[in-house]
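Source file: upload.tsv. Holds: TSV, C-alpha atoms.
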chain	number	residue	atom	x	y	z
A	1	ASN	CA	168.36	165.11	122.79
A	2	ALA	CA	169.79	161.67	122.06
A	3	GLY	CA	172.42	160.41	124.44
A	4	VAL	CA	175.86	159.13	123.58
A	5	MET	CA	175.56	156.49	120.87
A	6	GLN	CA	177.96	153.63	120.39
A	7	ASN	CA	177.98	151.00	117.69
A	8	PRO	CA	178.14	148.22	117.32
A	9	ARG	CA	176.87	147.14	120.73
A	10	HIS	CA	178.44	143.72	120.31
A	11	LEU	CA	181.39	142.87	118.11
A	12	VAL	CA	182.98	139.48	117.57
A	13	ARG	CA	186.38	139.23	115.95
A	14	ARG	CA	188.89	136.46	115.40
A	15	ARG	CA	192.46	136.88	116.52
A	16	GLY	CA	194.40	139.00	114.07
A	17	GLN	CA	191.40	140.89	112.68
A	18	GLU	CA	190.71	144.58	113.13
A	19	ALA	CA	188.03	146.04	115.36
A	20	ARG	CA	186.49	149.48	114.80
A	21	LEU	CA	184.34	150.95	117.53
A	22	ARG	CA	182.30	154.08	116.90
A	23	CYS	CA	181.08	156.74	119.29
A	24	SER	CA	178.74	159.62	118.50
A	25	PRO	CA	178.77	162.14	121.33
A	26	MET	CA	175.73	163.97	122.57
A	27	LYS	CA	174.70	166.90	120.41
A	28	GLY	CA	176.86	169.92	121.13
A	29	HIS	CA	179.56	167.91	122.91
A	30	SER	CA	183.06	168.33	121.59
A	31	HIS	CA	185.00	166.24	124.13
A	32	VAL	CA	185.14	162.45	123.86
A	33	TYR	CA	186.69	159.93	126.22
A	34	TRP	CA	187.22	156.20	125.79
A	35	TYR	CA	187.38	153.76	128.70
A	36	ARG	CA	187.93	150.01	128.78
A	37	GLN	CA	186.46	147.60	131.29
A	38	LEU	CA	188.07	144.18	131.39
A	39	PRO	CA	186.03	141.32	132.88
A	40	GLU	CA	185.68	141.64	136.66
A	41	GLU	CA	187.64	144.92	136.69
A	42	GLY	CA	186.91	148.62	136.95
A	43	LEU	CA	186.88	151.06	134.06
A	44	LYS	CA	190.26	152.29	132.89
A	45	PHE	CA	190.81	155.53	131.03
A	46	MET	CA	192.26	155.13	127.55
A	47	VAL	CA	192.15	158.41	125.64
A	48	TYR	CA	190.66	161.91	125.67
A	49	LEU	CA	189.97	163.65	122.38
A	50	GLN	CA	188.58	166.93	121.19
A	51	LYS	CA	187.63	167.55	117.59
A	52	GLU	CA	190.66	166.67	115.44
A	53	ASN	CA	192.98	166.57	118.47
A	54	ILE	CA	194.20	163.92	120.88
A	55	ILE	CA	194.48	165.63	124.26
A	56	ASP	CA	195.57	162.75	126.50
A	57	GLU	CA	196.38	159.22	125.34
A	58	SER	CA	198.19	158.14	128.46
A	59	GLY	CA	195.92	155.11	128.90
A	60	MET	CA	196.26	153.73	125.39
A	61	PRO	CA	198.34	150.59	124.86
A	62	LYS	CA	201.49	151.48	122.93
A	63	GLU	CA	200.75	149.21	120.00
A	64	ARG	CA	197.73	148.25	117.90
A	65	PHE	CA	195.37	150.84	119.42
A	66	SER	CA	194.52	154.20	117.89
A	67	ALA	CA	191.74	156.75	118.25
A	68	GLU	CA	190.47	159.69	116.27
A	69	PHE	CA	187.71	162.26	116.46
A	70	PRO	CA	187.41	163.90	113.05
A	71	LYS	CA	185.82	167.24	112.32
A	72	GLU	CA	182.80	165.42	110.90
A	73	GLY	CA	181.49	162.07	112.02
A	74	PRO	CA	181.89	159.88	115.07
A	75	SER	CA	184.95	159.16	117.13
A	76	ILE	CA	186.60	155.87	116.20
A	77	LEU	CA	188.61	153.54	118.42
A	78	ARG	CA	190.57	151.17	116.25
A	79	ILE	CA	192.24	147.98	117.41
A	80	GLN	CA	194.47	146.24	114.92
A	81	GLN	CA	195.39	142.54	115.04
A	82	VAL	CA	193.14	141.85	118.02
A	83	VAL	CA	194.16	139.31	120.65
A	84	ARG	CA	192.04	137.49	123.23
A	85	GLY	CA	193.15	139.92	125.91
A	86	ASP	CA	191.39	142.74	124.04
A	87	SER	CA	188.01	141.17	124.92
A	88	ALA	CA	186.31	143.78	127.08
A	89	ALA	CA	183.57	146.38	127.23
A	90	TYR	CA	184.63	149.67	125.66
A	91	PHE	CA	182.73	152.72	126.88
A	92	CYS	CA	182.73	156.13	125.31
A	93	ALA	CA	181.78	159.28	127.20
A	94	SER	CA	181.29	162.84	126.06
A	95	SER	CA	181.15	166.25	127.68
A	96	PRO	CA	180.24	169.74	126.51
A	97	PRO	CA	182.87	172.44	126.14
A	98	TRP	CA	181.24	175.00	128.39
A	99	VAL	CA	181.18	173.12	131.70
A	100	SER	CA	183.76	171.27	133.70
A	101	THR	CA	185.03	168.22	131.84
A	102	ASP	CA	184.26	166.30	135.02
A	103	THR	CA	180.69	166.05	133.72
A	104	GLN	CA	180.85	163.06	131.41
A	105	TYR	CA	177.91	161.18	129.91
A	106	PHE	CA	178.49	157.55	129.03
A	107	GLY	CA	177.30	155.56	126.07
A	108	PRO	CA	175.98	151.99	126.38
A	109	GLY	CA	179.32	150.48	125.45
A	110	THR	CA	180.60	148.06	122.83
A	111	ARG	CA	181.31	144.54	124.00
A	112	LEU	CA	184.20	143.12	122.05
A	113	THR	CA	184.75	139.37	122.03
A	114	VAL	CA	187.89	138.00	120.43
A	115	LEU	CA	187.70	134.33	119.51
B	1	ARG	CA	199.13	151.12	145.39
B	2	LYS	CA	196.00	151.61	143.29
B	3	GLU	CA	194.95	155.20	142.62
B	4	VAL	CA	191.45	154.50	143.92
B	5	GLU	CA	190.70	151.60	146.24
B	6	GLN	CA	187.36	150.18	147.26
B	7	ASP	CA	186.21	147.14	149.18
B	8	PRO	CA	184.79	144.97	146.37
B	9	GLY	CA	182.22	143.38	148.68
B	10	PRO	CA	179.81	141.87	147.93
B	11	PHE	CA	177.50	143.48	150.42
B	12	ASN	CA	174.26	141.55	150.90
B	13	VAL	CA	171.67	143.47	152.88
B	14	PRO	CA	167.91	143.19	153.48
B	15	GLU	CA	165.49	145.79	152.25
B	16	GLY	CA	165.35	148.75	154.60
B	17	ALA	CA	168.91	148.36	155.82
B	18	THR	CA	171.51	151.12	155.96
B	19	VAL	CA	174.76	150.35	154.18
B	20	ALA	CA	177.99	152.32	153.89
B	21	PHE	CA	180.76	152.10	151.29
B	22	ASN	CA	184.26	153.51	151.65
B	23	CYS	CA	186.91	154.51	149.19
B	24	THR	CA	190.45	155.85	149.46
B	25	TYR	CA	192.49	157.66	146.84
B	26	SER	CA	196.24	158.07	146.58
B	27	ASN	CA	196.71	161.43	144.81
B	28	SER	CA	196.36	164.23	147.35
B	29	ALA	CA	196.04	166.76	144.49
B	30	SER	CA	192.88	165.11	143.16
B	31	GLN	CA	190.33	167.67	142.16
B	32	SER	CA	186.84	166.21	142.02
B	33	PHE	CA	185.11	163.18	143.46
B	34	PHE	CA	182.03	161.21	142.48
B	35	TRP	CA	180.02	158.10	143.07
B	36	TYR	CA	178.76	156.31	139.97
B	37	ARG	CA	176.39	153.39	139.78
B	38	GLN	CA	176.77	150.57	137.26
B	39	ASP	CA	174.09	147.98	136.67
B	40	CYS	CA	175.08	144.62	135.28
B	41	ARG	CA	176.51	144.96	131.77
B	42	LYS	CA	175.38	148.58	131.49
B	43	GLU	CA	177.17	151.89	131.35
B	44	PRO	CA	178.11	153.75	134.55
B	45	LYS	CA	175.75	156.52	135.56
B	46	LEU	CA	176.54	159.44	137.81
B	47	LEU	CA	174.93	159.00	141.22
B	48	MET	CA	176.27	162.09	142.93
B	49	SER	CA	179.23	164.39	143.32
B	50	VAL	CA	181.07	164.45	146.63
B	51	TYR	CA	182.02	167.61	148.50
B	52	SER	CA	184.01	168.25	151.66
B	53	SER	CA	180.93	169.70	153.29
B	54	GLY	CA	179.05	166.49	152.61
B	55	ASN	CA	176.00	166.26	150.43
B	56	GLU	CA	172.73	164.43	150.54
B	57	ASP	CA	170.32	163.34	147.83
B	58	GLY	CA	167.29	161.59	149.22
B	59	ARG	CA	168.43	158.34	150.79
B	60	PHE	CA	172.03	158.84	149.67
B	61	THR	CA	174.69	160.77	151.59
B	62	ALA	CA	178.25	161.28	150.37
B	63	GLN	CA	181.19	162.60	152.34
B	64	LEU	CA	184.75	163.59	151.49
B	65	ASN	CA	187.65	163.80	153.92
B	66	ARG	CA	190.56	165.42	152.08
B	67	ALA	CA	192.97	165.09	154.99
B	68	SER	CA	192.49	161.32	155.09
B	69	GLN	CA	191.92	161.01	151.33
B	70	TYR	CA	188.75	159.12	152.05
B	71	ILE	CA	185.31	159.14	150.43
B	72	SER	CA	182.15	157.51	151.71
B	73	LEU	CA	178.64	156.75	150.50
B	74	LEU	CA	175.77	155.96	152.84
B	75	ILE	CA	172.52	154.46	151.59
B	76	ARG	CA	169.58	154.51	153.97
B	77	ASP	CA	166.38	152.45	153.70
B	78	SER	CA	167.82	150.22	150.96
B	79	LYS	CA	165.54	149.24	148.09
B	80	LEU	CA	165.74	146.19	145.84
B	81	SER	CA	166.46	148.61	142.98
B	82	ASP	CA	169.63	149.78	144.75
B	83	SER	CA	171.29	146.49	143.82
B	84	ALA	CA	174.22	147.45	141.59
B	85	THR	CA	177.95	148.06	141.59
B	86	TYR	CA	178.95	151.38	143.12
B	87	LEU	CA	182.02	153.03	141.66
B	88	CYS	CA	184.17	155.57	143.44
B	89	VAL	CA	185.58	158.04	140.90
B	90	VAL	CA	188.29	160.67	141.19
B	91	THR	CA	189.70	163.22	138.76
B	92	PRO	CA	193.34	164.35	138.85
B	93	ASP	CA	194.52	167.84	139.66
B	94	ALA	CA	193.45	170.60	137.30
B	95	GLY	CA	196.85	171.21	135.76
B	96	GLY	CA	198.02	169.65	132.51
B	97	THR	CA	196.17	167.60	129.94
B	98	SER	CA	194.95	164.95	132.38
B	99	TYR	CA	192.10	167.18	133.44
B	100	GLY	CA	188.86	165.41	132.60
B	101	LYS	CA	190.28	161.90	132.96
B	102	LEU	CA	188.13	159.91	135.37
B	103	THR	CA	189.89	157.34	137.55
B	104	PHE	CA	187.56	154.58	138.70
B	105	GLY	CA	187.80	152.24	141.65
B	106	GLN	CA	187.04	148.61	140.93
B	107	GLY	CA	183.58	148.97	142.42
B	108	THR	CA	181.64	147.65	145.39
B	109	ILE	CA	178.87	145.16	144.68
B	110	LEU	CA	175.63	145.66	146.56
B	111	THR	CA	172.78	143.16	146.60
B	112	VAL	CA	169.59	144.11	148.41
B	113	HIS	CA	167.31	141.14	149.12
B	114	PRO	CA	163.68	140.98	150.21
For this file, write the structure as structure tokens.
Amino acid sequence: NAGVMQNPRHLVRRRGQEARLRCSPMKGHSHVYWYRQLPEEGLKFMVYLQKENIIDESGMPKERFSAEFPKEGPSILRIQQVVRGDSAAYFCASSPPWVSTDTQYFGPGTRLTVL
Amino acid sequence: RKEVEQDPGPFNVPEGATVAFNCTYSNSASQSFFWYRQDCRKEPKLLMSVYSSGNEDGRFTAQLNRASQYISLLIRDSKLSDSATYLCVVTPDAGGTSYGKLTFGQGTILTVHP
């Protein structure tokens, strides 16, 4: 059973461009979480999604950031008009629907660098 | 006040040493508690859950004190491979849509040297 997959692993963007980060949860998992880790800081929760629904987006910046988890395909974290401060590691985690959502499995992360 | 606070370290210990990490959390209604391990530039991995009764997994012992809102991790007989950042993690209370959101401390850096 493949683990949580994220791509790309590294992404370089210039200021003002768009960044799209993809997350494929583990097979059978219907809950997806996105976390951001700024340099020298801990992970910060961004958003919690179930298929076709945003459950909790309390950690998402108010502008330029959006997330989706469609019925088919991976979850996407989209950052529009990136700025240098968006440079960070973005981790996705997934959990199955039949156990506590405390049990989250993390992907390898996407490292975004904004030039 | 941060929701989860840890001493960032770094802790530098020789192989075979015993080392203890502490963590405090601010929300008394927090539901679940964990220690994660993160190697340099890698994803965090669950080390162990933490229960009020205390739990042990090999060389690792975790303890929770709900009254003091305090969590600890003890590593005995340290190995070189234990070198990593140790993250204290808390989930909020079970009500509402925040259930499932993990709140991470900033991490404690451990380096074990020969």
Based on all atoms listed in the file, which of the residues in chain B come within 12 Å of chain A? I want them as number ranges by chain. B: 2-6, 8, 30-34, 36-49, 85-94, 96-109
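What separates atom CA of B:Val19 from atom CA of B:Arg66 is a distance of 21.9 Å.
What separates atom CA of A:Val83 from atom CA of A:Ala67 is a distance of 17.8 Å.
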Can you tell me how far atom CA of B:Leu80 sits from atom CA of B:Phe21, in Å to one decimal? 17.0 Å
Pick from B:Ala67, B:Val13, B:Ala62, B:Ala84, whichever lies nearest to B:Tyr25 using only C-alpha atoms: B:Ala67
Can you tell me which residues surround stretch 71-77 of chain B at a distance of at most 8 Å, considering all atoms listed in the file, apart from same-chain residues fewer than 3 positions away, and format the answer as a tab-separated table (two decimals) with C-alpha atoms, in the coordinates of the input?
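Okay, part_22.tsv is ready:
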chain	number	residue	atom	x	y	z
B	15	GLU	CA	165.49	145.79	152.25
B	16	GLY	CA	165.35	148.75	154.60
B	17	ALA	CA	168.91	148.36	155.82
B	18	THR	CA	171.51	151.12	155.96
B	19	VAL	CA	174.76	150.35	154.18
B	20	ALA	CA	177.99	152.32	153.89
B	21	PHE	CA	180.76	152.10	151.29
B	22	ASN	CA	184.26	153.51	151.65
B	23	CYS	CA	186.91	154.51	149.19
B	24	THR	CA	190.45	155.85	149.46
B	35	TRP	CA	180.02	158.10	143.07
B	50	VAL	CA	181.07	164.45	146.63
B	59	ARG	CA	168.43	158.34	150.79
B	60	PHE	CA	172.03	158.84	149.67
B	61	THR	CA	174.69	160.77	151.59
B	62	ALA	CA	178.25	161.28	150.37
B	63	GLN	CA	181.19	162.60	152.34
B	64	LEU	CA	184.75	163.59	151.49
B	65	ASN	CA	187.65	163.80	153.92
B	88	CYS	CA	184.17	155.57	143.44
Could you give me, as a list in words, the residues within 10 Å of A:Arg22, counting all atoms listed in the file and dropping anything in the same chain fewer than 4 positions from it? Met5, Gln6, Asn7, Pro8, Arg9, Ala67, Glu68, Phe69, Gly73, Pro74, Ser75, Ile76, Leu77, Arg78, Cys92, Gly109 and Thr110 of chain A
For the residues in the current selection, export C-alpha atoms as a compact mmCIF listing (two decimals), in the coordinates of the input.
# COMPACT_ATOMS: atom_id res chain seq x y z
CA MET A 5 175.56 156.49 120.87
CA GLN A 6 177.96 153.63 120.39
CA ASN A 7 177.98 151.00 117.69
CA PRO A 8 178.14 148.22 117.32
CA ARG A 9 176.87 147.14 120.73
CA ALA A 67 191.74 156.75 118.25
CA GLU A 68 190.47 159.69 116.27
CA PHE A 69 187.71 162.26 116.46
CA GLY A 73 181.49 162.07 112.02
CA PRO A 74 181.89 159.88 115.07
CA SER A 75 184.95 159.16 117.13
CA ILE A 76 186.60 155.87 116.20
CA LEU A 77 188.61 153.54 118.42
CA ARG A 78 190.57 151.17 116.25
CA CYS A 92 182.73 156.13 125.31
CA GLY A 109 179.32 150.48 125.45
CA THR A 110 180.60 148.06 122.83
Excluding same-chain residues fewer than 4 positions from A:Ile79, what lies within 7 Å of it counting all atoms listed in the file, as a ChimeraX atom specification? /A:18-20,64-66
File of the preceding selection, C-alpha atoms, as an mmCIF file, in the frame of the given file:
data_model
loop_
_atom_site.group_PDB
_atom_site.id
_atom_site.type_symbol
_atom_site.label_atom_id
_atom_site.label_comp_id
_atom_site.auth_asym_id
_atom_site.auth_seq_id
_atom_site.Cartn_x
_atom_site.Cartn_y
_atom_site.Cartn_z
ATOM 1 C CA GLU A 18 190.710 144.580 113.130
ATOM 2 C CA ALA A 19 188.030 146.040 115.360
ATOM 3 C CA ARG A 20 186.490 149.480 114.800
ATOM 4 C CA ARG A 64 197.730 148.250 117.900
ATOM 5 C CA PHE A 65 195.370 150.840 119.420
ATOM 6 C CA SER A 66 194.520 154.200 117.890
#
Using all atoms listed in the file, find the one residue out of A:Arg84, A:His29, A:Lys71, A:Lys62 that sits nearest to A:Val12. A:Arg84
From the list A:Gly85, A:Pro39, A:Gly16, A:Gly28, which residue is nearest A:Ala2 when using only C-alpha atoms? A:Gly28
